[in-house]
Amino acid sequence: MGRSRRILVVDDSVEIVEAARAIFEARGFEVDRATNPFAGIRLAVLRPPDAIVMDLDMPGMDGLEAAAHLKRIDEVRHVPVIAFTGQPLESITFHASRPFSRIVSKASGFGALEREIDEGAVRVLGVSLF
C-alpha cells in the first residue's frame with residue numbers, strides 16, 4: 001500500500017483546524033495541523049503534504065505571505081495551497097489569489113472545501129489525491 005494522502009491545515013482558529021481534521025480524517029486523509037503560519041511552513045517542509053488548506057487572516061504573517069513563501073521553497077513549491085477564508089471572495093484581488101490553486105469562503109462551509117478537493121482542485125496542478 002502507498003503513502004497516506006496528507007493534508008496540512010493552517011488556521012489560527014483551533015476550532016476550524018479541529019473541524020477540518022475530523023472531516024478529512026473521516027475521508028481517509030492523514031492531517032497535519034498548525035495554528036500559525038510559521039509552524040505551518042515548518043511542518044510543510046518537514047512533512048510535505050499533498051495539499052495545504054490555509055486561512056488568509058492570521059496574526060504575524062497572513063496566509064498570502066505564507067503561501068508565497070511556500071512557493072519559494074523547492075521541496076513544497078509544487079504543493080497546491082487552497083485558501084479557506086472568512087473574507088468576502090469579491091474583496092480578494094487577483095494578485096492576492098496568485099499563490100493559491102483555489103479560494104474557498106468559510107461562509108460556504110466545509111462542504112465547499114470538500115467539493116474543491118473532490119472536483120480536482122489538487123489534480124489541476126498535477127497531484128492526484130485520489
# chains A, B, ... in the order shown; residues from 1 in each chain; ligands from 1
>>> residues_around(residues="stretch 31-47 of chain A", least_positions_apart="3", cutoff="12 Å", atoms="only C-alpha atoms", output="PyMOL selection string")
chain A and resi 4-28+50-81
>>> atom_distance(atom1="atom CA of A:Ile82", atom2="atom CA of A:Val104")
7.3 Å
>>> atom_distance(atom1="atom CA of A:Phe84", atom2="atom CA of A:Leu113")
7.5 Å
